[in-house]
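To keep things clear, I will list the structure first and then write my remarks on it.
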Amino acid sequence: MTLSSQNKNPKQIILNAFDMNSVGHINHGLWTHPRDESHRFNELSYWTDLAQTLEQGLFDGLFIADITGVYDVYQNGLDLTLKESIQLPSHDPSTLVSAMAAVTQHLGFGVTVNLSYESPYQFARRFASLDHLTHGRIGWNIVTGYLDSAERLIGQKGLKDHDLRYEQAEEFLELCYKFWEGSWEDDAIQKDKLNRVFTDPSKVHAIQHQGKFFQSQGVFQVSPSIQRTPVLYQAGASSKGLAFATQHAEAMFIGADTPEKLKQQVDKIRA
Ligand SMILES: Cc1cc2nc3c(=O)[nH]c(=O)nc-3n(C[C@H](O)[C@H](O)[C@H](O)COP(=O)(O)O)c2cc1C
C-alpha cells in the first residue's frame, strides 16, 4: 500500500541539516573521534561535499547556526572553550553559500545573522545578492544575540536590554522590507541594447525611513531577486521573541524536554 492510498493528504516532512561554520556546534567532543573531519570546516571542499551529500539524500535545506562573540563566562575565561573548540574558532556562515549553491540545484541555505551588529542596508544588500546567486535558495535565521562578549568586541559596554534588542529588530525588518520589496519594480530591468536602456529609471524608487534606530533615504543597490525577501527563520522563546517570530518568521525553531512542554509552546505560537 502506498502512502498516498493510506492517506489522501499526507503531511510532508521538510528535512534540514543543522550545522555551524566551526568544529563544534552542539555536538561537543565529537571532534576527537578518529573518523571526525570537522577540523576541516575552514576548507571549501568540506562544505561542498556536505551540500552534495545532503542533496543526494533528498534533504531540503542546510541550516547554519552562528554566534557573534565567544563563550568566556565558565571559570571566568576562555580556556575550556578553546581547548574543546566550543564554537571557537567559528567563521562567517554566509561566506559558504555561493560555493555550496554552485554544486547543488535544490538545497536551501538557512544562514544565521545577528542583526544587532549589522547595518540594515549592508545586510539587505548582502542577502539580496545571495538570493540572486542561489536562484532563490537563501534563508535568514534572525537572531538578536545573547553574549556580553559580543558587546565588548563590537565596542559597546554591556548587553543591551533584551526587549530593546527585539524593538530594534522590529525596525531592522521594517527597513529591510522597504529595500527588498519597495525600491525596484519587477520589470525595471530592461536589458534593451538597441535603445541603450539597461534599467527603466521610472521603475526604480527611493525609499524613505526615519525611525528610532535607523535612518535611510535612497534607492536600493540590488535589482529584484527571485524571492526578494529571503525565507525568514526565528527561534524567539520569550514573550517579545515569540511576538517577533510569529509576526515575521516562516519557520520557527522550538525546543523542549518533554512532549507536553513542546505542546504548550506550539499552542502559544498558534494562538
Ligand atoms: C533550535 C535553536 C537554534 C538557535 N540558533 C541560534 C543561533 O544560531 N544563534 C543565536 O545567536 N541564537 C540562536 N538561538 C537562540 C534564539 O534565537 C533565541 O534567542 C532563544 O531561543 C531565546 O529566546 P528570546 O530571544 O526570545 O529570549 C537558537 C534557539 C533555538 C531553540
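Ordering of the C-alpha cells sets the chain letters (A, B, ...), residue numbers begin anew at 1 in every chain, and ligands are numbered from 1 in the order given.
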
Environment of ligand 1 within 9 Å, counting only C-alpha atoms and all ligand atoms, reported as a PyMOL selection string | chain A and resi 18+20+63-68+111-114+141-147+162-163+165-166+234-245+252-256

Okay, now the selection with N, CA, C and O atoms, as a short mmCIF file (atom, residue, chain, number, x, y, z; two decimals), in the first residue's frame?
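Once written, out-v3.cif looks like this:
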```cif
data_model
loop_
_atom_site.label_atom_id
_atom_site.label_comp_id
_atom_site.auth_asym_id
_atom_site.auth_seq_id
_atom_site.Cartn_x
_atom_site.Cartn_y
_atom_site.Cartn_z
N PHE A 18 21.63 20.53 10.28
CA PHE A 18 21.87 21.58 11.27
C PHE A 18 23.36 21.62 11.58
O PHE A 18 23.92 20.63 12.05
N MET A 20 27.20 24.35 11.88
CA MET A 20 27.76 25.67 12.19
C MET A 20 29.12 25.74 11.53
O MET A 20 29.79 24.70 11.39
N PHE A 63 20.86 24.24 7.49
CA PHE A 63 20.75 25.39 8.37
C PHE A 63 22.10 25.60 9.05
O PHE A 63 22.70 24.64 9.55
N ILE A 64 22.57 26.83 9.06
CA ILE A 64 23.88 27.11 9.68
C ILE A 64 23.70 28.10 10.83
O ILE A 64 23.35 29.27 10.63
N ALA A 65 23.94 27.59 12.02
CA ALA A 65 23.84 28.44 13.22
C ALA A 65 25.04 29.39 13.27
O ALA A 65 26.03 29.20 12.57
N ASP A 66 24.96 30.40 14.10
CA ASP A 66 26.11 31.30 14.27
C ASP A 66 25.96 32.09 15.56
O ASP A 66 24.84 32.30 16.04
N ILE A 67 27.08 32.48 16.12
CA ILE A 67 27.06 33.45 17.22
C ILE A 67 28.03 34.58 16.89
O ILE A 67 29.01 34.36 16.18
N THR A 68 27.73 35.75 17.43
CA THR A 68 28.73 36.82 17.43
C THR A 68 29.26 36.86 18.86
O THR A 68 28.47 36.99 19.80
N VAL A 111 20.82 30.78 6.85
CA VAL A 111 22.04 31.35 7.43
C VAL A 111 21.68 32.27 8.60
O VAL A 111 20.84 33.16 8.46
N THR A 112 22.34 32.03 9.72
CA THR A 112 22.08 32.85 10.90
C THR A 112 22.88 34.15 10.85
O THR A 112 24.09 34.11 10.61
N VAL A 113 22.20 35.26 11.04
CA VAL A 113 22.91 36.54 11.18
C VAL A 113 22.29 37.30 12.36
O VAL A 113 21.07 37.46 12.44
N ASN A 114 23.16 37.74 13.24
CA ASN A 114 22.75 38.56 14.37
C ASN A 114 22.62 40.01 13.91
O ASN A 114 23.60 40.66 13.57
N ASN A 141 18.15 33.19 9.41
CA ASN A 141 17.74 32.96 10.79
C ASN A 141 18.04 34.23 11.56
O ASN A 141 19.21 34.59 11.76
N ILE A 142 16.98 34.92 11.99
CA ILE A 142 17.12 36.24 12.61
C ILE A 142 17.40 36.06 14.10
O ILE A 142 16.56 35.55 14.83
N VAL A 143 18.60 36.45 14.53
CA VAL A 143 18.88 36.39 15.97
C VAL A 143 19.32 37.77 16.46
O VAL A 143 19.82 38.60 15.68
N THR A 144 19.11 37.99 17.76
CA THR A 144 19.43 39.30 18.33
C THR A 144 20.62 39.23 19.30
O THR A 144 21.06 40.26 19.80
N GLY A 145 21.11 38.01 19.58
CA GLY A 145 22.33 37.87 20.38
C GLY A 145 22.06 37.73 21.87
O GLY A 145 21.01 38.13 22.36
N TYR A 146 23.03 37.13 22.55
CA TYR A 146 22.88 36.97 24.00
C TYR A 146 24.21 37.02 24.73
O TYR A 146 24.29 36.72 25.91
N LEU A 147 25.30 37.41 24.06
CA LEU A 147 26.62 37.34 24.69
C LEU A 147 27.17 38.72 25.03
O LEU A 147 27.29 39.59 24.15
N HIS A 162 17.29 43.12 26.68
CA HIS A 162 16.73 42.05 25.84
C HIS A 162 15.56 42.53 24.99
O HIS A 162 15.53 42.35 23.77
N ASP A 163 14.58 43.20 25.63
CA ASP A 163 13.38 43.60 24.88
C ASP A 163 13.69 44.74 23.91
O ASP A 163 13.11 44.81 22.83
N ARG A 165 16.42 45.00 22.26
CA ARG A 165 17.02 44.38 21.07
C ARG A 165 15.94 43.92 20.10
O ARG A 165 16.08 44.02 18.89
N TYR A 166 14.84 43.38 20.64
CA TYR A 166 13.74 42.98 19.76
C TYR A 166 13.03 44.18 19.15
O TYR A 166 12.57 44.12 18.00
N GLN A 234 13.15 32.04 12.75
CA GLN A 234 13.36 32.68 14.04
C GLN A 234 13.18 31.66 15.15
O GLN A 234 12.55 30.62 14.95
N ALA A 235 13.77 31.96 16.30
CA ALA A 235 13.69 30.99 17.41
C ALA A 235 13.42 31.68 18.73
O ALA A 235 13.81 31.19 19.78
N GLY A 236 12.74 32.81 18.68
CA GLY A 236 12.44 33.52 19.92
C GLY A 236 11.59 32.66 20.86
O GLY A 236 10.71 31.93 20.41
N ALA A 237 11.87 32.75 22.16
CA ALA A 237 11.13 31.95 23.13
C ALA A 237 10.49 32.83 24.20
O ALA A 237 9.51 32.44 24.84
N SER A 238 11.01 34.04 24.40
CA SER A 238 10.45 34.98 25.39
C SER A 238 9.15 35.56 24.81
O SER A 238 8.85 35.34 23.63
N SER A 239 8.42 36.36 25.61
CA SER A 239 7.18 36.89 25.03
C SER A 239 7.49 37.88 23.90
O SER A 239 6.83 37.86 22.86
N LYS A 240 8.52 38.72 24.06
CA LYS A 240 8.92 39.63 22.96
C LYS A 240 9.40 38.82 21.75
O LYS A 240 9.10 39.14 20.61
N GLY A 241 10.20 37.78 22.04
CA GLY A 241 10.75 36.95 20.97
C GLY A 241 9.65 36.23 20.19
O GLY A 241 9.67 36.18 18.96
N LEU A 242 8.66 35.70 20.93
CA LEU A 242 7.56 34.99 20.27
C LEU A 242 6.71 35.95 19.44
O LEU A 242 6.27 35.60 18.33
N ALA A 243 6.49 37.16 19.98
CA ALA A 243 5.70 38.14 19.23
C ALA A 243 6.42 38.49 17.93
O ALA A 243 5.81 38.56 16.85
N PHE A 244 7.73 38.65 18.02
CA PHE A 244 8.53 38.98 16.83
C PHE A 244 8.50 37.82 15.83
O PHE A 244 8.26 38.00 14.64
N ALA A 245 8.72 36.61 16.34
CA ALA A 245 8.79 35.44 15.46
C ALA A 245 7.46 35.19 14.75
O ALA A 245 7.42 34.93 13.55
N MET A 252 9.90 28.38 12.44
CA MET A 252 10.35 28.66 13.80
C MET A 252 11.01 27.45 14.43
O MET A 252 10.57 26.32 14.23
N PHE A 253 12.07 27.70 15.19
CA PHE A 253 12.70 26.64 15.97
C PHE A 253 12.09 26.62 17.36
O PHE A 253 11.93 27.67 17.98
N ILE A 254 11.77 25.43 17.81
CA ILE A 254 11.33 25.31 19.20
C ILE A 254 12.04 24.12 19.82
O ILE A 254 12.46 23.19 19.13
N GLY A 255 12.18 24.16 21.11
CA GLY A 255 12.83 23.06 21.81
C GLY A 255 12.16 22.84 23.14
O GLY A 255 11.68 23.79 23.75
N ALA A 256 12.07 21.58 23.60
CA ALA A 256 11.53 21.29 24.93
C ALA A 256 12.00 19.90 25.31
O ALA A 256 12.34 19.09 24.44
#
```

Give the helix (DSSP H, G or I) residues of region 31-227 of chain A, as DSSP finds them on the backbone, and put them as number ranges by chain.
-> A: 31-32, 38-40, 44-56, 74-76, 79-83, 93-102, 115-117, 120-133, 148-154, 162-182, 201-203

Every residue of region 24-247 of chain A that DSSP places in strand (DSSP E or B), as a ChimeraX atom specification = /A:24,61-65,86,90,108-114,138-143,184,189-192,197-199,204,207-210,215-218,231-234

Please provide the set of residues having any atom within 8 Å of Tyr121 (chain A), restricted to only C-alpha atoms, with same-chain residues fewer than 3 positions apart removed, written as number ranges by chain.
-> A: 124-125, 176, 179

Taking only C-alpha atoms into account, which of A:Ser183, A:His28, A:Glu171, A:Asn42 comes nearest Asp92 (chain A)?
->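 Of A:Ser183, A:His28, A:Glu171, A:Asn42, the one nearest Asp92 (chain A), counting only C-alpha atoms, is A:Asn42.
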
CA of Glu185 (chain A) to CA of Thr134 (chain A): how many Å, to one decimal?
-> 20.7 Å

Counting only C-alpha atoms, what is within 12 Å of region 70-72 of chain A, bar same-chain residues fewer than 2 positions away, as a PyMOL selection string?
-> chain A and resi 66-68+74-82+84-91+145-153

May I have the selected residues written with N, CA, C and O atoms, as a compact mmCIF listing (two decimals), in the first residue's frame?
```
# COMPACT_ATOMS: atom_id res chain seq x y z
N ASP A 66 24.96 30.40 14.10
CA ASP A 66 26.11 31.30 14.27
C ASP A 66 25.96 32.09 15.56
O ASP A 66 24.84 32.30 16.04
N ILE A 67 27.08 32.48 16.12
CA ILE A 67 27.06 33.45 17.22
C ILE A 67 28.03 34.58 16.89
O ILE A 67 29.01 34.36 16.18
N THR A 68 27.73 35.75 17.43
CA THR A 68 28.73 36.82 17.43
C THR A 68 29.26 36.86 18.86
O THR A 68 28.47 36.99 19.80
N TYR A 74 32.33 30.66 31.71
CA TYR A 74 32.66 29.49 32.51
C TYR A 74 34.09 29.60 33.06
O TYR A 74 35.04 29.83 32.30
N GLN A 75 34.24 29.49 34.37
CA GLN A 75 35.52 29.64 35.06
C GLN A 75 36.21 30.97 34.69
O GLN A 75 37.44 31.07 34.64
N ASN A 76 35.40 31.95 34.41
CA ASN A 76 35.89 33.31 34.10
C ASN A 76 36.93 33.37 32.99
O ASN A 76 37.87 34.17 33.06
N GLY A 77 36.82 32.53 32.01
CA GLY A 77 37.82 32.62 30.95
C GLY A 77 37.46 31.78 29.73
O GLY A 77 36.38 31.20 29.64
N LEU A 78 38.42 31.74 28.83
CA LEU A 78 38.21 31.10 27.53
C LEU A 78 38.87 29.72 27.42
O LEU A 78 38.73 29.07 26.38
N ASP A 79 39.62 29.32 28.46
CA ASP A 79 40.48 28.13 28.30
C ASP A 79 39.72 26.89 27.84
O ASP A 79 40.13 26.23 26.89
N LEU A 80 38.62 26.56 28.50
CA LEU A 80 37.89 25.35 28.13
C LEU A 80 37.28 25.50 26.73
O LEU A 80 37.30 24.58 25.92
N THR A 81 36.75 26.70 26.47
CA THR A 81 36.17 26.98 25.16
C THR A 81 37.19 26.72 24.05
O THR A 81 36.89 26.09 23.03
N LEU A 82 38.43 27.17 24.29
CA LEU A 82 39.48 26.99 23.27
C LEU A 82 39.94 25.54 23.19
O LEU A 82 40.07 24.98 22.09
N GLU A 84 38.38 22.80 23.95
CA GLU A 84 37.35 21.90 23.43
C GLU A 84 36.75 22.39 22.11
O GLU A 84 35.86 21.77 21.56
N SER A 85 37.22 23.53 21.64
CA SER A 85 36.69 24.13 20.42
C SER A 85 35.17 24.28 20.47
O SER A 85 34.44 23.77 19.62
N ILE A 86 34.70 24.97 21.50
CA ILE A 86 33.26 25.18 21.67
C ILE A 86 32.88 26.45 20.92
O ILE A 86 33.02 27.57 21.42
N GLN A 87 32.48 26.28 19.68
CA GLN A 87 32.09 27.38 18.78
C GLN A 87 33.18 28.46 18.69
O GLN A 87 32.89 29.63 18.46
N LEU A 88 34.41 28.05 18.90
CA LEU A 88 35.58 28.93 18.73
C LEU A 88 36.78 28.07 18.35
O LEU A 88 37.13 27.17 19.13
N PRO A 89 37.40 28.25 17.17
CA PRO A 89 37.08 29.27 16.19
C PRO A 89 35.72 29.01 15.52
O PRO A 89 35.29 27.87 15.39
N SER A 90 35.07 30.09 15.10
CA SER A 90 33.90 29.95 14.22
C SER A 90 33.93 31.07 13.20
O SER A 90 34.27 32.21 13.54
N HIS A 91 33.60 30.71 11.95
CA HIS A 91 33.75 31.65 10.84
C HIS A 91 32.39 32.10 10.32
O HIS A 91 31.37 31.48 10.61
N GLY A 145 21.11 38.01 19.58
CA GLY A 145 22.33 37.87 20.38
C GLY A 145 22.06 37.73 21.87
O GLY A 145 21.01 38.13 22.36
N TYR A 146 23.03 37.13 22.55
CA TYR A 146 22.88 36.97 24.00
C TYR A 146 24.21 37.02 24.73
O TYR A 146 24.29 36.72 25.91
N LEU A 147 25.30 37.41 24.06
CA LEU A 147 26.62 37.34 24.69
C LEU A 147 27.17 38.72 25.03
O LEU A 147 27.29 39.59 24.15
N ASP A 148 27.54 38.91 26.31
CA ASP A 148 28.21 40.15 26.70
C ASP A 148 29.52 40.33 25.94
O ASP A 148 29.92 41.45 25.63
N SER A 149 30.20 39.20 25.65
CA SER A 149 31.50 39.30 24.98
C SER A 149 31.35 39.96 23.61
O SER A 149 32.24 40.67 23.16
N ALA A 150 30.19 39.76 22.96
CA ALA A 150 29.96 40.38 21.65
C ALA A 150 29.89 41.89 21.80
O ALA A 150 30.47 42.64 21.01
N GLU A 151 29.20 42.33 22.83
CA GLU A 151 29.08 43.77 23.05
C GLU A 151 30.46 44.39 23.29
O GLU A 151 30.75 45.48 22.82
N ARG A 152 31.32 43.66 24.02
CA ARG A 152 32.67 44.20 24.26
C ARG A 152 33.48 44.20 22.96
O ARG A 152 34.21 45.13 22.66
N LEU A 153 33.33 43.13 22.16
CA LEU A 153 34.07 43.06 20.90
C LEU A 153 33.66 44.17 19.93
O LEU A 153 34.48 44.72 19.20
```

CA of Ala206 (chain A) and CA of Gly182 (chain A) are how many Å apart?
-> 8.4 Å

Residues within 9 Å of Leu232 (chain A), only C-alpha atoms, excluding chain neighbours under 5 positions, as a ChimeraX atom specification = /A:110,139-142,248-252

Print the selection's residues with all heavy atoms to a file, as an mmCIF file, in the first residue's frame.
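The resulting file, selection.cif, is reproduced below:
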```cif
data_model
loop_
_atom_site.group_PDB
_atom_site.id
_atom_site.type_symbol
_atom_site.label_atom_id
_atom_site.label_comp_id
_atom_site.auth_asym_id
_atom_site.auth_seq_id
_atom_site.Cartn_x
_atom_site.Cartn_y
_atom_site.Cartn_z
ATOM 1 N N GLY A 110 19.864 28.067 5.092
ATOM 2 C CA GLY A 110 19.405 28.960 6.167
ATOM 3 C C GLY A 110 20.611 29.480 6.919
ATOM 4 O O GLY A 110 21.350 28.707 7.523
ATOM 5 N N GLY A 139 17.935 31.650 3.016
ATOM 6 C CA GLY A 139 17.066 31.982 4.149
ATOM 7 C C GLY A 139 17.897 32.659 5.226
ATOM 8 O O GLY A 139 19.124 32.532 5.253
ATOM 9 N N TRP A 140 17.208 33.379 6.106
ATOM 10 C CA TRP A 140 17.898 34.103 7.183
ATOM 11 C C TRP A 140 17.312 33.705 8.529
ATOM 12 O O TRP A 140 16.101 33.856 8.731
ATOM 13 C CB TRP A 140 17.737 35.612 6.942
ATOM 14 C CG TRP A 140 18.226 36.507 8.040
ATOM 15 C CD1 TRP A 140 19.235 36.263 8.932
ATOM 16 C CD2 TRP A 140 17.714 37.819 8.372
ATOM 17 N NE1 TRP A 140 19.391 37.331 9.783
ATOM 18 C CE2 TRP A 140 18.479 38.295 9.466
ATOM 19 C CE3 TRP A 140 16.712 38.627 7.842
ATOM 20 C CZ2 TRP A 140 18.248 39.552 10.036
ATOM 21 C CZ3 TRP A 140 16.483 39.873 8.402
ATOM 22 C CH2 TRP A 140 17.257 40.325 9.486
ATOM 23 N N ASN A 141 18.148 33.188 9.406
ATOM 24 C CA ASN A 141 17.737 32.964 10.791
ATOM 25 C C ASN A 141 18.042 34.234 11.561
ATOM 26 O O ASN A 141 19.205 34.594 11.756
ATOM 27 C CB ASN A 141 18.488 31.768 11.388
ATOM 28 C CG ASN A 141 18.124 31.532 12.846
ATOM 29 O OD1 ASN A 141 16.974 31.737 13.241
ATOM 30 N ND2 ASN A 141 19.083 31.084 13.639
ATOM 31 N N ILE A 142 16.983 34.920 11.985
ATOM 32 C CA ILE A 142 17.123 36.236 12.608
ATOM 33 C C ILE A 142 17.405 36.059 14.098
ATOM 34 O O ILE A 142 16.559 35.553 14.835
ATOM 35 C CB ILE A 142 15.813 37.037 12.452
ATOM 36 C CG1 ILE A 142 15.358 37.055 10.987
ATOM 37 C CG2 ILE A 142 15.986 38.449 13.001
ATOM 38 C CD1 ILE A 142 13.901 37.496 10.814
ATOM 39 N N HIS A 248 6.979 37.698 11.906
ATOM 40 C CA HIS A 248 7.849 37.725 10.726
ATOM 41 C C HIS A 248 8.232 36.352 10.159
ATOM 42 O O HIS A 248 8.462 36.237 8.963
ATOM 43 C CB HIS A 248 9.152 38.476 11.058
ATOM 44 C CG HIS A 248 8.933 39.905 11.419
ATOM 45 N ND1 HIS A 248 8.685 40.876 10.478
ATOM 46 C CD2 HIS A 248 8.882 40.522 12.623
ATOM 47 C CE1 HIS A 248 8.504 42.050 11.083
ATOM 48 N NE2 HIS A 248 8.621 41.850 12.388
ATOM 49 N N ALA A 249 8.383 35.350 11.018
ATOM 50 C CA ALA A 249 9.052 34.123 10.563
ATOM 51 C C ALA A 249 8.139 33.211 9.762
ATOM 52 O O ALA A 249 6.936 33.129 10.013
ATOM 53 C CB ALA A 249 9.607 33.362 11.765
ATOM 54 N N GLU A 250 8.750 32.519 8.796
ATOM 55 C CA GLU A 250 8.043 31.464 8.061
ATOM 56 C C GLU A 250 8.364 30.096 8.650
ATOM 57 O O GLU A 250 7.679 29.126 8.394
ATOM 58 C CB GLU A 250 8.448 31.505 6.599
ATOM 59 C CG GLU A 250 7.924 32.728 5.884
ATOM 60 C CD GLU A 250 8.735 33.052 4.662
ATOM 61 O OE1 GLU A 250 9.754 33.758 4.812
ATOM 62 O OE2 GLU A 250 8.384 32.593 3.574
ATOM 63 N N ALA A 251 9.461 30.019 9.391
ATOM 64 C CA ALA A 251 9.839 28.773 10.053
ATOM 65 C C ALA A 251 10.352 29.138 11.439
ATOM 66 O O ALA A 251 11.092 30.105 11.588
ATOM 67 C CB ALA A 251 10.926 28.063 9.257
ATOM 68 N N MET A 252 9.903 28.379 12.437
ATOM 69 C CA MET A 252 10.354 28.662 13.805
ATOM 70 C C MET A 252 11.012 27.446 14.428
ATOM 71 O O MET A 252 10.570 26.320 14.229
ATOM 72 C CB MET A 252 9.165 29.058 14.682
ATOM 73 C CG MET A 252 8.696 30.470 14.463
ATOM 74 S SD MET A 252 7.360 30.891 15.600
ATOM 75 C CE MET A 252 8.218 30.833 17.169
#
```

Considering only C-alpha atoms, state which residue in the set A:Ala99, A:Ser216, A:Lys8, A:Leu15 is at the smallest distance from Asp49 (chain A).
->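 The answer is A:Ala99, which sits nearest to Asp49 (chain A).
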
Rank nothing, just name the residue among A:Gln217, A:Ser116, A:Ser38, A:His132 nearest to Asp161 (chain A), using only C-alpha atoms.
->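 For Asp161 (chain A), the nearest of the given residues is A:Ser116.
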
State, in Å with one decimal place, the distance from CA of Ser202 (chain A) to CA of Ala128 (chain A).
-> 21.3 Å

Nearest to Arg137 (chain A): which of A:Thr229, A:Gln168, A:Gln265, A:Gln208 is it, counting only C-alpha atoms?
->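 That would be A:Thr229, the residue with the smallest distance to Arg137 (chain A).
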
Do you know which residues are at most 10 Å from Leu44 (chain A) counting only C-alpha atoms, after dropping those on the same chain fewer than 3 positions away, and could you put them as a ChimeraX atom specification?
-> /A:40-41,47-50,95-96,99-100
